[in-house]
Amino acid sequence: MRVEIDPDLCMGDRNCNKVCPHVFAYDEDKMLSIVKVEVVPAQFEEAVKRAARECAPGAIVVIE
Ligand code: SF4
């Protein structure tokens, strides 16, 4: 599974960073969240899906 963040939609509230810090990080310069991994490790897939569900602007795109 892969995941991307649409930089045009991310509002930088960092919720995804709290839900799954292994996969998401915050770029202080761009003031948006970024994805740290090429492929989501299996043990973090559920957390990534939860982060996507909780992302209010729908910026997190999960690619199965
Ligand atoms: S939860 Fe969504 S809007 Fe919030 S920082 Fe993460 S990607 Fe951006």
# chains A, B, ... in the order shown; residues from 1 in each chain; ligands from 1
call {"tool": "residues_around", "arguments": {"residues": "Ala56 of chain A", "least_positions_apart": "2", "cutoff": "10 Å", "atoms": "only C-alpha atoms", "output": "PyMOL selection string"}}
result
chain A and resi 9-11+13+15+51-54+58-60
call {"tool": "select_by_dssp", "arguments": {"residues": "chain A", "states": "helix (DSSP H, G or I)", "output": "compact mmCIF listing (two decimals) with N, CA and C atoms, in the first residue's frame"}}
result
# COMPACT_ATOMS: atom_id res chain seq x y z
N ASN A 15 -2.90 16.30 12.11
CA ASN A 15 -3.59 15.15 12.71
C ASN A 15 -2.96 13.83 12.25
N CYS A 16 -2.63 13.74 10.97
CA CYS A 16 -2.04 12.49 10.46
C CYS A 16 -0.71 12.19 11.17
N ASN A 17 0.04 13.22 11.51
CA ASN A 17 1.31 13.01 12.23
C ASN A 17 1.07 12.37 13.58
N LYS A 18 -0.04 12.77 14.23
CA LYS A 18 -0.37 12.20 15.54
C LYS A 18 -0.86 10.77 15.40
N VAL A 19 -1.67 10.52 14.38
CA VAL A 19 -2.26 9.18 14.19
C VAL A 19 -1.19 8.17 13.78
N ALA A 42 3.25 -2.91 6.58
CA ALA A 42 1.96 -3.56 6.84
C ALA A 42 1.38 -3.20 8.21
N GLN A 43 2.24 -3.09 9.21
CA GLN A 43 1.72 -2.84 10.55
C GLN A 43 1.15 -1.42 10.73
N PHE A 44 1.39 -0.55 9.77
CA PHE A 44 0.86 0.82 9.87
C PHE A 44 -0.28 1.08 8.90
N GLU A 45 -0.69 0.06 8.16
CA GLU A 45 -1.74 0.28 7.15
C GLU A 45 -3.05 0.75 7.77
N GLU A 46 -3.45 0.13 8.88
CA GLU A 46 -4.71 0.54 9.51
C GLU A 46 -4.64 1.97 10.01
N ALA A 47 -3.51 2.35 10.60
CA ALA A 47 -3.36 3.72 11.10
C ALA A 47 -3.40 4.72 9.95
N VAL A 48 -2.82 4.35 8.83
CA VAL A 48 -2.82 5.25 7.67
C VAL A 48 -4.25 5.42 7.14
N LYS A 49 -5.00 4.31 7.11
CA LYS A 49 -6.40 4.40 6.66
C LYS A 49 -7.21 5.28 7.61
N ARG A 50 -6.94 5.14 8.90
CA ARG A 50 -7.65 5.96 9.88
C ARG A 50 -7.30 7.44 9.68
N ALA A 51 -6.03 7.71 9.47
CA ALA A 51 -5.60 9.09 9.22
C ALA A 51 -6.31 9.66 7.99
N ALA A 52 -6.46 8.82 6.96
CA ALA A 52 -7.14 9.28 5.75
C ALA A 52 -8.61 9.58 6.03
N ARG A 53 -9.25 8.72 6.83
CA ARG A 53 -10.67 8.96 7.17
C ARG A 53 -10.83 10.24 7.98
N GLU A 54 -9.86 10.51 8.85
CA GLU A 54 -9.97 11.66 9.75
C GLU A 54 -9.51 12.96 9.10
call {"tool": "atom_distance", "arguments": {"atom1": "atom CA of Ser33 of chain A", "atom2": "atom 6 (Fe, counted along the ligand's line) of ligand 1"}}
result
5.5 Å
call {"tool": "atom_distance", "arguments": {"atom1": "atom CA of Pro41 of chain A", "atom2": "atom CA of Pro57 of chain A"}}
result
24.4 Å
call {"tool": "select_by_dssp", "arguments": {"residues": "chain A", "states": "strand (DSSP E)", "output": "PyMOL selection string"}}
result
chain A and resi 2-5+24-27+32-35+60-63
call {"tool": "closest_residue", "arguments": {"among": "A:Ile63, A:Val39, A:Ile5, A:Cys55", "to": "Tyr26 of chain A", "atoms": "only C-alpha atoms"}}
result
A:Ile5
call {"tool": "closest_residue", "arguments": {"among": "A:Val23, A:Met1, A:Val62, A:Arg14", "to": "Val35 of chain A", "atoms": "only C-alpha atoms"}}
result
A:Val23
call {"tool": "atom_distance", "arguments": {"atom1": "atom CA of Phe24 of chain A", "atom2": "atom CA of Val40 of chain A"}}
result
10.3 Å
